[in-house]
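The structure file final-v6.cif is reproduced below (mmCIF, C-alpha atoms).
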```
data_work
#
loop_
_atom_site.label_atom_id
_atom_site.label_comp_id
_atom_site.auth_asym_id
_atom_site.auth_seq_id
_atom_site.Cartn_x
_atom_site.Cartn_y
_atom_site.Cartn_z
CA MET A 1 43.86 -2.13 -64.83
CA ARG A 2 40.45 -1.99 -63.16
CA LYS A 3 39.31 -5.04 -65.15
CA VAL A 4 42.43 -6.97 -64.12
CA ALA A 5 41.87 -6.10 -60.47
CA VAL A 6 38.26 -7.27 -60.60
CA MET A 7 39.30 -10.54 -62.28
CA LEU A 8 42.02 -11.12 -59.66
CA ALA A 9 39.56 -10.56 -56.83
CA ALA A 10 37.15 -13.02 -58.43
CA VAL A 11 39.88 -15.66 -58.73
CA LEU A 12 40.86 -15.22 -55.10
CA LEU A 13 37.27 -15.68 -54.00
CA VAL A 14 36.86 -18.79 -56.12
CA VAL A 15 39.92 -20.47 -54.61
CA GLY A 16 38.95 -19.40 -51.11
CA LEU A 17 41.73 -16.89 -50.52
CA THR A 18 41.34 -13.44 -49.03
CA PRO A 19 43.17 -10.63 -50.83
CA PRO A 20 45.64 -8.74 -48.64
CA ALA A 21 44.33 -5.56 -47.07
CA GLN A 22 45.31 -2.35 -48.78
CA ALA A 23 45.55 0.91 -46.89
CA VAL A 24 42.48 3.04 -47.59
CA GLU A 25 41.34 6.50 -46.63
CA ARG A 26 39.75 6.67 -43.23
CA GLN A 27 35.95 6.67 -43.04
CA ARG A 28 33.78 8.36 -40.44
CA LEU A 29 32.14 6.15 -37.82
CA ALA A 30 30.53 8.42 -35.19
CA VAL A 31 30.97 11.38 -32.89
CA GLY A 32 32.87 10.16 -29.85
CA SER A 33 36.16 8.84 -28.57
CA TYR A 34 37.75 5.79 -26.89
CA PRO A 35 36.63 3.24 -29.53
CA ARG A 36 36.61 -0.52 -28.99
CA LEU A 37 36.42 -3.51 -31.35
CA VAL A 38 35.66 -7.22 -30.90
CA ARG A 39 35.07 -10.09 -33.30
CA LEU A 40 32.31 -12.36 -32.02
CA ALA A 41 33.40 -15.98 -31.58
CA HIS A 42 30.09 -17.58 -30.54
CA GLY A 43 26.45 -17.91 -31.53
CA VAL A 44 24.52 -16.90 -34.62
CA TYR A 45 26.59 -13.74 -35.05
CA LYS A 46 29.92 -15.56 -34.97
CA GLY A 47 32.46 -13.75 -37.13
CA HIS A 48 30.66 -10.41 -37.03
CA ILE A 49 32.72 -7.42 -35.92
CA VAL A 50 31.22 -5.18 -33.23
CA ALA A 51 32.44 -1.68 -32.40
CA ALA A 52 31.42 0.81 -29.71
CA VAL A 53 32.54 4.30 -28.74
CA SER A 54 32.07 6.63 -25.82
CA GLY A 55 29.88 9.06 -27.71
CA TRP A 56 27.32 11.81 -27.25
CA ASP A 57 24.35 13.34 -29.05
CA GLY A 58 21.52 15.75 -28.25
CA GLY A 59 20.48 13.48 -25.40
CA GLY A 60 23.92 13.59 -23.78
CA PRO A 61 26.64 10.96 -23.38
CA PHE A 62 25.87 7.40 -24.50
CA ALA A 63 27.55 4.46 -26.23
CA PRO A 64 26.50 3.74 -29.83
CA VAL A 65 27.18 0.18 -30.99
CA PHE A 66 28.01 -0.77 -34.58
CA GLU A 67 28.43 -3.93 -36.62
CA SER A 68 30.46 -4.91 -39.67
CA THR A 69 29.78 -8.02 -41.71
CA ASP A 70 32.34 -7.26 -44.44
CA GLU A 71 35.62 -7.42 -42.51
CA GLY A 72 35.56 -3.78 -41.49
CA ALA A 73 34.95 -2.28 -44.92
CA SER A 74 31.74 -0.71 -43.59
CA PHE A 75 29.76 -0.37 -40.35
CA HIS A 76 26.11 0.19 -39.47
CA GLN A 77 24.62 0.99 -36.07
CA ILE A 78 22.79 -1.88 -34.38
CA GLY A 79 22.29 -0.68 -30.80
CA GLU A 80 23.14 1.76 -28.05
CA ILE A 81 23.72 1.86 -24.30
CA ARG A 82 22.19 4.70 -22.28
CA ASP A 83 22.79 4.53 -18.56
CA PRO A 84 20.76 6.55 -16.03
CA GLU A 85 24.00 8.23 -14.95
CA ASP A 86 24.98 9.24 -18.49
CA ALA A 87 23.97 12.84 -17.80
CA GLN A 88 26.72 13.00 -15.15
CA GLY A 89 29.33 11.80 -17.63
CA GLU A 90 30.34 8.55 -19.32
CA CYS A 91 33.92 7.68 -20.14
CA CYS A 92 36.37 5.15 -21.44
CA GLY A 93 34.17 2.14 -22.09
CA THR A 94 35.29 -1.32 -23.13
CA LEU A 95 33.77 -4.28 -25.01
CA PHE A 96 34.36 -7.91 -24.05
CA GLU A 97 32.84 -11.17 -25.27
CA LEU A 98 32.70 -13.91 -22.64
CA PRO A 99 34.86 -16.79 -23.88
CA ARG A 100 33.12 -19.26 -21.54
CA LYS A 101 30.10 -19.50 -19.27
CA VAL A 102 30.24 -17.28 -16.17
CA GLY A 103 27.40 -17.94 -13.73
CA LYS A 104 24.23 -17.82 -15.83
CA LEU A 105 25.92 -15.77 -18.56
CA ARG A 106 26.59 -18.02 -21.51
CA ALA A 107 29.71 -17.94 -23.66
CA GLY A 108 29.28 -15.26 -26.29
CA THR A 109 27.55 -12.77 -24.00
CA LEU A 110 28.84 -9.33 -24.94
CA LEU A 111 29.71 -7.00 -22.06
CA TRP A 112 30.17 -3.23 -21.98
CA ALA A 113 31.87 -1.62 -18.98
CA ALA A 114 32.39 2.12 -18.57
CA SER A 115 33.07 4.83 -16.00
CA TYR A 116 30.07 6.97 -15.04
CA GLY A 117 29.64 10.15 -13.03
CA GLN A 118 32.81 12.17 -13.61
CA GLY A 119 30.70 15.29 -14.14
CA GLY A 120 28.88 14.93 -10.84
CA GLY A 121 30.59 17.83 -9.11
CA ALA A 122 32.69 18.07 -5.97
CA GLU A 123 30.67 15.37 -4.19
CA ARG A 124 30.65 12.93 -7.08
CA ARG A 125 30.90 9.18 -6.50
CA MET A 126 32.07 7.69 -9.77
CA ALA A 127 31.10 4.12 -10.67
CA ILE A 128 32.04 1.43 -13.15
CA LYS A 129 28.94 -0.31 -14.44
CA ILE A 130 28.46 -3.28 -16.71
CA TRP A 131 25.79 -3.84 -19.34
CA ALA A 132 25.18 -7.11 -21.20
CA SER A 133 23.95 -8.07 -24.66
CA ARG A 134 22.87 -11.58 -25.55
CA ASP A 135 22.23 -10.88 -29.23
CA GLY A 136 25.50 -9.56 -30.59
CA GLY A 137 25.12 -5.98 -29.42
CA ARG A 138 21.60 -5.28 -30.62
CA HIS A 139 19.90 -5.03 -27.25
CA TRP A 140 21.46 -4.24 -23.88
CA SER A 141 20.41 -4.65 -20.25
CA PHE A 142 22.05 -3.43 -17.08
CA LEU A 143 23.98 -6.24 -15.40
CA SER A 144 25.81 -4.89 -12.34
CA GLU A 145 27.87 -2.20 -10.70
CA ALA A 146 31.39 -3.55 -10.25
CA ALA A 147 33.01 -0.62 -8.44
CA ARG A 148 32.07 2.76 -6.99
CA SER A 149 34.35 5.39 -5.51
CA HIS A 150 34.10 5.92 -1.76
CA ASN A 151 35.21 9.55 -2.22
CA HIS A 152 35.23 12.19 -4.95
CA ASP A 153 38.22 10.65 -6.75
CA GLY A 154 37.85 8.72 -9.97
CA VAL A 155 37.64 5.10 -11.11
CA TRP A 156 38.56 4.87 -14.78
CA GLU A 157 39.43 2.78 -17.82
CA PRO A 158 37.76 -0.58 -17.13
CA GLU A 159 39.06 -3.76 -18.71
CA LEU A 160 37.59 -7.28 -18.48
CA ASN A 161 39.10 -10.74 -18.66
CA VAL A 162 38.19 -14.29 -17.65
CA ASP A 163 41.05 -16.13 -15.93
CA ALA A 164 42.09 -19.76 -16.29
CA GLY A 165 39.76 -20.78 -13.45
CA GLY A 166 36.69 -19.12 -14.94
CA THR A 167 36.53 -15.99 -12.76
CA LEU A 168 35.53 -12.76 -14.48
CA TRP A 169 37.82 -9.86 -13.54
CA LEU A 170 37.32 -6.14 -13.88
CA HIS A 171 40.55 -4.13 -13.92
CA PHE A 172 40.50 -0.36 -13.50
CA ALA A 173 42.60 2.72 -12.75
CA ASP A 174 41.79 3.87 -9.22
CA GLU A 175 42.47 7.38 -7.88
CA THR A 176 40.73 6.84 -4.55
CA GLU A 177 43.91 5.92 -2.63
CA ALA A 178 45.36 9.43 -2.78
CA PRO A 179 47.38 10.93 -1.22
CA ARG A 180 49.38 7.74 -0.65
CA TYR A 181 49.17 6.94 -4.37
CA ALA A 182 48.06 9.32 -7.12
CA GLN A 183 46.61 6.33 -8.97
CA VAL A 184 46.85 2.55 -8.78
CA LEU A 185 45.58 -0.38 -10.81
CA ASN A 186 43.07 -2.48 -8.90
CA ARG A 187 40.81 -5.38 -9.84
CA VAL A 188 37.64 -7.04 -8.58
CA GLY A 189 36.46 -10.54 -9.38
CA SER A 190 33.08 -12.17 -9.96
CA THR A 191 31.84 -15.71 -10.58
CA ASP A 192 28.50 -14.58 -12.02
CA GLY A 193 29.03 -11.04 -13.40
CA ILE A 194 26.59 -9.66 -10.82
CA THR A 195 28.24 -9.87 -7.40
CA TRP A 196 31.78 -8.52 -7.16
CA GLY A 197 34.42 -9.20 -4.51
CA THR A 198 36.69 -6.88 -2.58
CA LYS A 199 39.16 -4.98 -4.74
CA GLN A 200 42.67 -6.35 -5.01
CA ARG A 201 45.89 -4.49 -5.76
CA THR A 202 47.45 -5.12 -9.18
CA LEU A 203 49.97 -2.29 -9.54
CA ALA A 204 50.93 0.54 -7.16
CA ILE A 205 54.21 2.41 -7.33
CA SER A 206 55.56 5.09 -5.02
CA PRO A 207 56.04 8.04 -4.77
CA ASP A 208 52.70 9.83 -4.94
CA PRO A 209 52.93 11.40 -8.47
CA VAL A 210 53.40 8.01 -10.21
CA ARG A 211 50.24 6.98 -12.09
CA PRO A 212 49.87 3.52 -13.63
CA GLY A 213 46.78 3.38 -15.84
CA MET A 214 45.09 2.03 -18.96
CA PRO A 215 45.05 -1.69 -17.98
CA GLN A 216 44.53 -4.30 -20.68
CA VAL A 217 44.61 -8.09 -20.62
CA ARG A 218 45.03 -10.46 -23.57
CA GLN A 219 45.16 -14.26 -23.31
CA LEU A 220 48.16 -15.69 -25.16
CA PRO A 221 48.05 -19.01 -27.04
CA ASP A 222 50.17 -20.76 -24.40
CA GLY A 223 47.51 -20.04 -21.77
CA SER A 224 49.33 -17.14 -20.11
CA TYR A 225 48.05 -13.55 -20.17
CA TYR A 226 49.66 -10.34 -21.44
CA PHE A 227 48.92 -7.56 -18.96
CA GLY A 228 49.66 -4.12 -20.43
CA TYR A 229 49.40 -0.61 -19.03
CA GLU A 230 51.07 2.80 -19.02
CA ILE A 231 52.99 4.41 -16.16
CA CYS A 232 53.07 8.19 -15.96
CA ASN A 233 55.53 10.29 -13.93
CA TYR A 234 57.95 7.40 -13.54
CA GLY A 235 61.53 7.19 -14.79
CA SER A 236 62.92 9.22 -17.67
CA LEU A 237 60.03 8.64 -20.08
CA TYR A 238 56.49 9.95 -19.83
CA CYS A 239 53.31 7.84 -19.76
CA ASN A 240 55.06 5.04 -21.62
CA PRO A 241 53.84 1.44 -22.04
CA TYR A 242 54.81 -1.50 -19.85
CA PHE A 243 53.67 -5.11 -19.56
CA LYS A 244 53.82 -8.20 -17.39
CA ILE A 245 52.96 -11.81 -18.17
CA SER A 246 50.48 -13.49 -15.82
CA PRO A 247 50.47 -17.31 -15.75
CA ASP A 248 46.72 -17.56 -15.20
CA GLY A 249 45.03 -14.17 -15.66
CA ALA A 250 44.39 -13.89 -11.92
CA ASN A 251 47.86 -13.30 -10.47
CA PHE A 252 50.04 -10.45 -11.69
CA GLY A 253 53.11 -10.60 -9.47
CA ASP A 254 54.50 -7.98 -7.11
CA PRO A 255 52.29 -4.87 -7.33
CA SER A 256 55.31 -2.62 -6.71
CA ALA A 257 57.30 -4.04 -9.66
CA PRO A 258 56.85 -1.84 -12.74
CA GLY A 259 57.24 -4.61 -15.30
CA THR A 260 58.89 -4.47 -18.73
CA PRO A 261 58.89 -1.21 -20.72
CA VAL A 262 58.00 -1.22 -24.43
CA SER A 263 59.80 0.86 -27.03
CA GLY A 264 60.41 0.76 -30.75
CA PRO A 265 63.52 1.36 -32.85
CA ASN A 266 65.98 3.88 -31.38
CA GLY A 267 64.02 3.84 -28.13
CA ASP A 268 61.08 5.71 -29.69
CA TYR A 269 57.89 5.08 -27.78
CA PHE A 270 54.18 5.79 -27.43
CA GLN A 271 53.04 8.38 -24.90
CA HIS A 272 49.58 7.80 -23.46
CA ALA A 273 46.75 5.35 -23.91
CA ASN A 274 48.37 2.37 -25.61
CA THR A 275 46.29 -0.68 -26.48
CA VAL A 276 47.47 -4.09 -27.71
CA THR A 277 45.82 -6.72 -29.89
CA LEU A 278 46.92 -10.23 -30.85
CA PHE A 279 47.37 -11.03 -34.55
CA PRO A 280 48.50 -14.14 -36.40
CA GLY A 281 52.10 -14.03 -37.59
CA GLY A 282 55.70 -14.37 -36.53
CA PRO A 283 57.67 -17.50 -35.60
CA ASN A 284 55.41 -18.21 -32.60
CA GLY A 285 52.26 -17.84 -34.65
CA THR A 286 51.17 -14.78 -32.67
CA ARG A 287 52.10 -11.15 -33.26
CA VAL A 288 51.38 -8.44 -30.67
CA LEU A 289 50.40 -5.11 -32.23
CA MET A 290 50.32 -1.90 -30.21
CA VAL A 291 48.88 1.53 -30.94
CA GLY A 292 49.39 4.58 -28.76
CA GLN A 293 48.46 8.24 -28.84
CA ILE A 294 51.72 10.14 -29.46
CA TYR A 295 54.82 8.57 -31.01
CA THR A 296 57.88 10.33 -29.62
CA SER A 297 61.64 10.17 -29.33
CA THR A 298 63.34 9.36 -26.05
CA LYS A 299 63.35 13.10 -25.38
CA GLY A 300 59.56 13.16 -25.59
CA LYS A 301 59.47 15.05 -28.89
CA PRO A 302 56.77 13.93 -31.37
CA LEU A 303 58.32 12.28 -34.42
CA ALA A 304 57.50 12.94 -38.06
CA THR A 305 55.66 9.60 -38.00
CA ASN A 306 53.52 10.58 -35.00
CA GLY A 307 49.99 9.21 -35.37
CA GLN A 308 50.97 7.09 -38.34
CA VAL A 309 52.66 3.96 -36.96
CA LEU A 310 51.99 0.87 -34.90
CA LEU A 311 54.52 -1.19 -32.95
CA ALA A 312 54.71 -4.96 -33.39
CA ASN A 313 56.43 -7.80 -31.53
CA ASP A 314 56.75 -11.47 -32.46
CA ASP A 315 57.69 -12.92 -29.06
CA PHE A 316 54.77 -12.08 -26.74
CA GLY A 317 56.34 -8.70 -25.93
CA THR A 318 59.88 -9.91 -25.23
CA GLY A 319 62.73 -8.45 -27.28
CA PRO A 320 62.54 -5.82 -30.02
CA TRP A 321 59.42 -4.11 -31.27
CA TYR A 322 59.27 -2.83 -34.84
CA GLU A 323 57.13 -0.34 -36.73
CA LEU A 324 54.19 -0.96 -39.06
CA PRO A 325 51.99 1.65 -40.78
CA ALA A 326 48.79 2.64 -38.96
CA PRO A 327 45.63 2.36 -41.10
CA VAL A 328 44.06 5.49 -39.57
CA ARG A 329 46.42 8.45 -39.78
CA VAL A 330 46.20 11.07 -37.02
CA PRO A 331 49.41 13.05 -37.64
CA ALA A 332 48.43 15.92 -35.33
CA ALA A 333 47.92 13.70 -32.29
CA TYR A 334 48.74 15.47 -29.04
CA ASN A 335 48.04 15.20 -25.31
CA ASN A 336 44.26 15.50 -25.36
CA PHE A 337 41.30 13.17 -24.76
CA CYS A 338 40.48 12.97 -28.47
CA PRO A 339 43.14 12.61 -31.21
CA ASN A 340 44.37 9.01 -31.41
CA TYR A 341 43.53 8.49 -27.73
CA SER A 342 43.13 4.81 -26.85
CA SER A 343 42.64 3.67 -30.43
CA THR A 344 41.70 0.07 -31.16
CA LEU A 345 42.91 -2.65 -33.56
CA LEU A 346 41.51 -5.95 -34.86
CA PRO A 347 42.76 -8.62 -37.29
CA VAL A 348 40.73 -8.83 -40.51
CA ASP A 349 40.94 -10.66 -43.84
CA ASP A 350 42.22 -13.88 -42.25
CA GLY A 351 44.81 -11.93 -40.26
CA ARG A 352 46.39 -10.34 -43.29
CA GLY A 353 44.89 -6.94 -42.52
CA VAL A 354 44.58 -4.52 -39.61
CA LEU A 355 41.30 -2.77 -38.88
CA GLU A 356 41.75 0.36 -36.79
CA ILE A 357 39.34 2.83 -35.23
CA ALA A 358 40.83 6.09 -33.96
CA ALA A 359 39.47 9.47 -32.97
CA ASP A 360 40.39 12.87 -34.39
CA TYR A 361 38.90 16.35 -34.42
CA ASP A 362 36.56 17.28 -37.26
CA ASN A 363 35.89 21.02 -37.13
CA GLY A 364 36.32 20.93 -33.38
CA VAL A 365 34.14 17.85 -32.84
CA CYS A 366 35.80 14.65 -31.62
CA THR A 367 34.95 12.01 -34.23
CA THR A 368 35.92 8.36 -34.67
CA TYR A 369 37.21 7.02 -37.99
CA PHE A 370 37.97 3.53 -39.29
CA ALA A 371 40.25 2.12 -41.97
CA LYS A 372 42.09 -1.05 -42.93
CA GLY A 373 45.73 -1.63 -43.78
CA PRO A 374 48.26 -4.46 -44.14
CA ALA A 375 49.25 -6.41 -41.03
CA SER A 376 52.87 -6.88 -42.04
#
```
What do you get writing this file as structure tokens?
Amino acid sequence: MRKVAVMLAAVLLVVGLTPPAQAVERQRLAVGSYPRLVRLAHGVYKGHIVAAVSGWDGGGPFAPVFESTDEGASFHQIGEIRDPEDAQGECCGTLFELPRKVGKLRAGTLLWAASYGQGGGAERRMAIKIWASRDGGRHWSFLSEAARSHNHDGVWEPELNVDAGGTLWLHFADETEAPRYAQVLNRVGSTDGITWGTKQRTLAISPDPVRPGMPQVRQLPDGSYYFGYEICNYGSLYCNPYFKISPDGANFGDPSAPGTPVSGPNGDYFQHANTVTLFPGGPNGTRVLMVGQIYTSTKGKPLATNGQVLLANDDFGTGPWYELPAPVRVPAAYNNFCPNYSSTLLPVDDGRGVLEIAADYDNGVCTTYFAKGPAS
């Protein structure tokens, strides 16, 4: 059988086909949490996969950066980001490759944005800072500070997108408007990645305990933008996913409107920290895949498949979502910053496979793991 498999793989390579991804055991990436993945679309490293996590070592919090040149079968470290405020805490970073020129930043510039300073004590002033790499993640330089709290409350979970007009936007979860709102989603814009405008409201829902968070933006093939997030303490479900469609990536409708909730078969849904990624597939040519931390029933009870499924949709989020197997299994996922929290997905093997990075505890240490599985 092994000989037949090798011969089949050779034939597929000769005719230019990629064999479908098979689910494999998860492999260790690094100590850390909140992983992110991008496939570079520009420059000499085009096609390379870059990953980063919010990690830590003997020197404290930092962000190690990894690369894969074999469609996610393996990774090796190529760089790291150490901010002067790392010692005060670093959290929930994101990776983004500029799809077009912004100011003097050329298309293909890789950006890292993260929250810094949550461990600064009662008088902390948290910030979201941005670092840039012009060589595929190998070397990084500080670019700008996009937001800083005016009080001790937090600014979290940054997300970047470039709108239809070329403006770079930073979206984030903002706690600084308490007690009117426990948390809102705000955004700031920049035309050069260095100077940022006044924050604008994206989503804010009364009463005070309601907490929208975890913003994410994905450009759809028709030019519109999928804007996803969670809303905690709202309605009958808990920290469940919602989305809106923006026509241009700059306007997101009425900030008080909650948007469209996402659920799977039987109303089952993800609690906490969902992320979405676009894949090829479906009648529209684009499939939306979602991963979340805890997969529960409508009563909020973790299901037997908790930590082992993804949700997929073939109509840009509209209509039913269905289940697919998750490549990285985290069956003991629960409400905690580590296990399966804000996992990340990426199409591999010509879209026939899913690469996932997710965190889980290893002897009490939060550790990220990667694996591949089929995309349908």
Q. Which residues, protein or nucleic acid, reach to within 12 Å of (51.9, -16.1, -36.5) in the file's coordinates when using only C-alpha atoms, and can you give that as a ChimeraX atom specification?
A. /A:220-221,278-289,312-316,347,350-352,375-376
**Q.** Residue nearest Gly93 of chain A - candidates A:Arg36, A:Lys199, A:Pro61, A:Glu145, atoms counted: all atoms listed in the file
**A.** A:Arg36
Q: Would you mind telling me which residue in A:Ile49, A:Pro302, A:Ala332, A:Glu159 lies nearest to Asp70 of chain A when using all atoms listed in the file?
A: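 Under the stated criterion, the closest residue is A:Ile49.
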Q: Can you work out which one of A:Ala333, A:Trp321, A:Asp153, A:Ala250 has the shortest atom-to-atom distance to Tyr295 of chain A, counting all atoms listed in the file?
A: A:Ala333
Q: May I ask which of the residues A:Leu168, A:Ile78, A:Ile294, A:Leu110 is the closest one to Val217 of chain A, counting only C-alpha atoms?
A: A:Leu168
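Excluding Val330 of chain A itself and any same-chain residue fewer than 6 positions from it, the protein and nucleic acid residues within 7 Å of it, counting all atoms listed in the file, are A:Gly307, A:Gln308, A:Pro339, A:Asn340, A:Asp360.
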**Q.** Target residues per the PyMOL selection byres ((chain A and resi 38) around 8), formatted as JSON, numbers by chain
**A.** {"A": [36, 37, 39, 40, 49, 50, 51, 95, 96, 97, 346]}
Output C-alpha atoms for every residue in that selection, as an mmCIF file, in the frame of the given file.
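After the write, part18.cif holds the following:
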```cif
data_model
loop_
_atom_site.group_PDB
_atom_site.id
_atom_site.type_symbol
_atom_site.label_atom_id
_atom_site.label_comp_id
_atom_site.auth_asym_id
_atom_site.auth_seq_id
_atom_site.Cartn_x
_atom_site.Cartn_y
_atom_site.Cartn_z
ATOM 1 C CA ARG A 36 36.610 -0.520 -28.990
ATOM 2 C CA LEU A 37 36.420 -3.510 -31.350
ATOM 3 C CA ARG A 39 35.070 -10.090 -33.300
ATOM 4 C CA LEU A 40 32.310 -12.360 -32.020
ATOM 5 C CA ILE A 49 32.720 -7.420 -35.920
ATOM 6 C CA VAL A 50 31.220 -5.180 -33.230
ATOM 7 C CA ALA A 51 32.440 -1.680 -32.400
ATOM 8 C CA LEU A 95 33.770 -4.280 -25.010
ATOM 9 C CA PHE A 96 34.360 -7.910 -24.050
ATOM 10 C CA GLU A 97 32.840 -11.170 -25.270
ATOM 11 C CA LEU A 346 41.510 -5.950 -34.860
#
```
**Q.** Residues matched by the PyMOL selection byres ((chain A and resi 371) around 10) as a PyMOL selection string
**A.** chain A and resi 22-29+72-74+326-329+354-358+369-370+372-373
Q) Using only C-alpha atoms, which residue out of A:Gln293, A:Gly43, A:Gly235, A:Cys366 lies closest to Trp56 of chain A? A)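 Checking each candidate against Trp56 of chain A, we get A:Cys366 as the closest.
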Q | Output check: residues returned by the PyMOL selection byres ((chain A and resi 271) around 8), as an MDAnalysis selection string | A | chainID A and resid 238:241 269:270 272:274 292:296
Q: Within 6 Å of segment 255-263 of chain A, counting only C-alpha atoms, which residues show up once you throw out same-chain ones fewer than 3 positions away? Write them as a PyMOL selection string, please.
A: chain A and resi 202-205+241-244+267-269
Keeping only C-alpha atoms, take the residues you just selected and write them out as a PDB file, in the frame of the given file.
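And here's selection.pdb as it stands now:
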```
ATOM      1  CA  THR A 202      47.450  -5.120  -9.180  1.00  0.00           C
ATOM      2  CA  LEU A 203      49.970  -2.290  -9.540  1.00  0.00           C
ATOM      3  CA  ALA A 204      50.930   0.540  -7.160  1.00  0.00           C
ATOM      4  CA  ILE A 205      54.210   2.410  -7.330  1.00  0.00           C
ATOM      5  CA  PRO A 241      53.840   1.440 -22.040  1.00  0.00           C
ATOM      6  CA  TYR A 242      54.810  -1.500 -19.850  1.00  0.00           C
ATOM      7  CA  PHE A 243      53.670  -5.110 -19.560  1.00  0.00           C
ATOM      8  CA  LYS A 244      53.820  -8.200 -17.390  1.00  0.00           C
ATOM      9  CA  GLY A 267      64.020   3.840 -28.130  1.00  0.00           C
ATOM     10  CA  ASP A 268      61.080   5.710 -29.690  1.00  0.00           C
ATOM     11  CA  TYR A 269      57.890   5.080 -27.780  1.00  0.00           C
TER      12      TYR A 269
END
```
**Q.** Nearest-residue call for Phe227 of chain A, choices A:Asp248, A:Glu123, A:Asp208, A:Glu67, using all atoms listed in the file
**A.**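 Closest candidate: A:Asp248.
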Q.
So that I can check the surroundings of Gly32 of chain A, please list as a PyMOL selection string every protein, DNA and RNA residue that reaches within 7 Å of it, counting all atoms listed in the file and ignoring chain neighbours fewer than 3 positions away.
A. chain A and resi 53-56+366-368
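The coordinates place atom CA of Phe172 of chain A at 18.1 Å from atom CA of Ser206 of chain A.
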Q) So how far away is atom CA of Tyr34 of chain A from atom CA of Asp174 of chain A, in Å? A)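 Value for the atom CA of Asp174 of chain A-atom CA of Tyr34 of chain A distance: 18.2 Å.
Picture a line from atom CA of Gly103 of chain A to atom CA of Ala164 of chain A; it runs 15.0 Å.
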Would you pick out the contacts of Ala146 of chain A at 7 Å or less, using only C-alpha atoms, so that residues sharing its chain but fewer than 4 positions from it are not included, and give the list as a PDB file with C-alpha atoms, keeping the file's coordinate frame?
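Dumped to result_3.pdb:
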```pdb
ATOM      1  CA  ILE A 128      32.040   1.430 -13.150  1.00  0.00           C
ATOM      2  CA  LYS A 129      28.940  -0.310 -14.440  1.00  0.00           C
ATOM      3  CA  TRP A 196      31.780  -8.520  -7.160  1.00  0.00           C
TER       4      TRP A 196
END
```
Q: For the point (47.6, 4.2, -10.9) in the file's frame, write as number ranges by chain all residues with an atom no more than 8 Å away, counting all atoms listed in the file.
A: A: 173-175, 181-185, 203-205, 210-213, 231
Because the input lacks atoms here, generate N, CA and C atoms for segment 268-280 of chain A and report them as a compact mmCIF listing (two decimals), in the frame of the given file.
```
# COMPACT_ATOMS: atom_id res chain seq x y z
N ASP A 268 62.31 4.94 -29.49
CA ASP A 268 61.08 5.71 -29.69
C ASP A 268 59.92 4.98 -29.03
N TYR A 269 58.94 5.73 -28.54
CA TYR A 269 57.89 5.08 -27.78
C TYR A 269 56.57 5.85 -27.88
N PHE A 270 55.49 5.18 -27.48
CA PHE A 270 54.18 5.79 -27.43
C PHE A 270 53.97 6.47 -26.07
N GLN A 271 53.53 7.71 -26.10
CA GLN A 271 53.04 8.38 -24.90
C GLN A 271 51.52 8.24 -24.86
N HIS A 272 51.01 7.80 -23.74
CA HIS A 272 49.58 7.80 -23.46
C HIS A 272 48.80 6.68 -24.18
N ALA A 273 47.92 6.07 -23.41
CA ALA A 273 46.75 5.35 -23.91
C ALA A 273 47.06 4.28 -24.94
N ASN A 274 48.09 3.46 -24.68
CA ASN A 274 48.37 2.37 -25.61
C ASN A 274 47.35 1.25 -25.44
N THR A 275 47.06 0.55 -26.53
CA THR A 275 46.29 -0.68 -26.48
C THR A 275 47.03 -1.73 -27.30
N VAL A 276 46.84 -3.00 -26.96
CA VAL A 276 47.47 -4.09 -27.71
C VAL A 276 46.41 -5.07 -28.18
N THR A 277 46.71 -5.72 -29.31
CA THR A 277 45.82 -6.72 -29.89
C THR A 277 46.68 -7.85 -30.45
N LEU A 278 46.20 -9.08 -30.34
CA LEU A 278 46.92 -10.23 -30.85
C LEU A 278 46.53 -10.49 -32.31
N PHE A 279 47.55 -10.73 -33.13
CA PHE A 279 47.37 -11.03 -34.55
C PHE A 279 48.10 -12.32 -34.88
N PRO A 280 47.69 -13.02 -35.92
CA PRO A 280 48.50 -14.14 -36.40
C PRO A 280 49.77 -13.63 -37.06
```
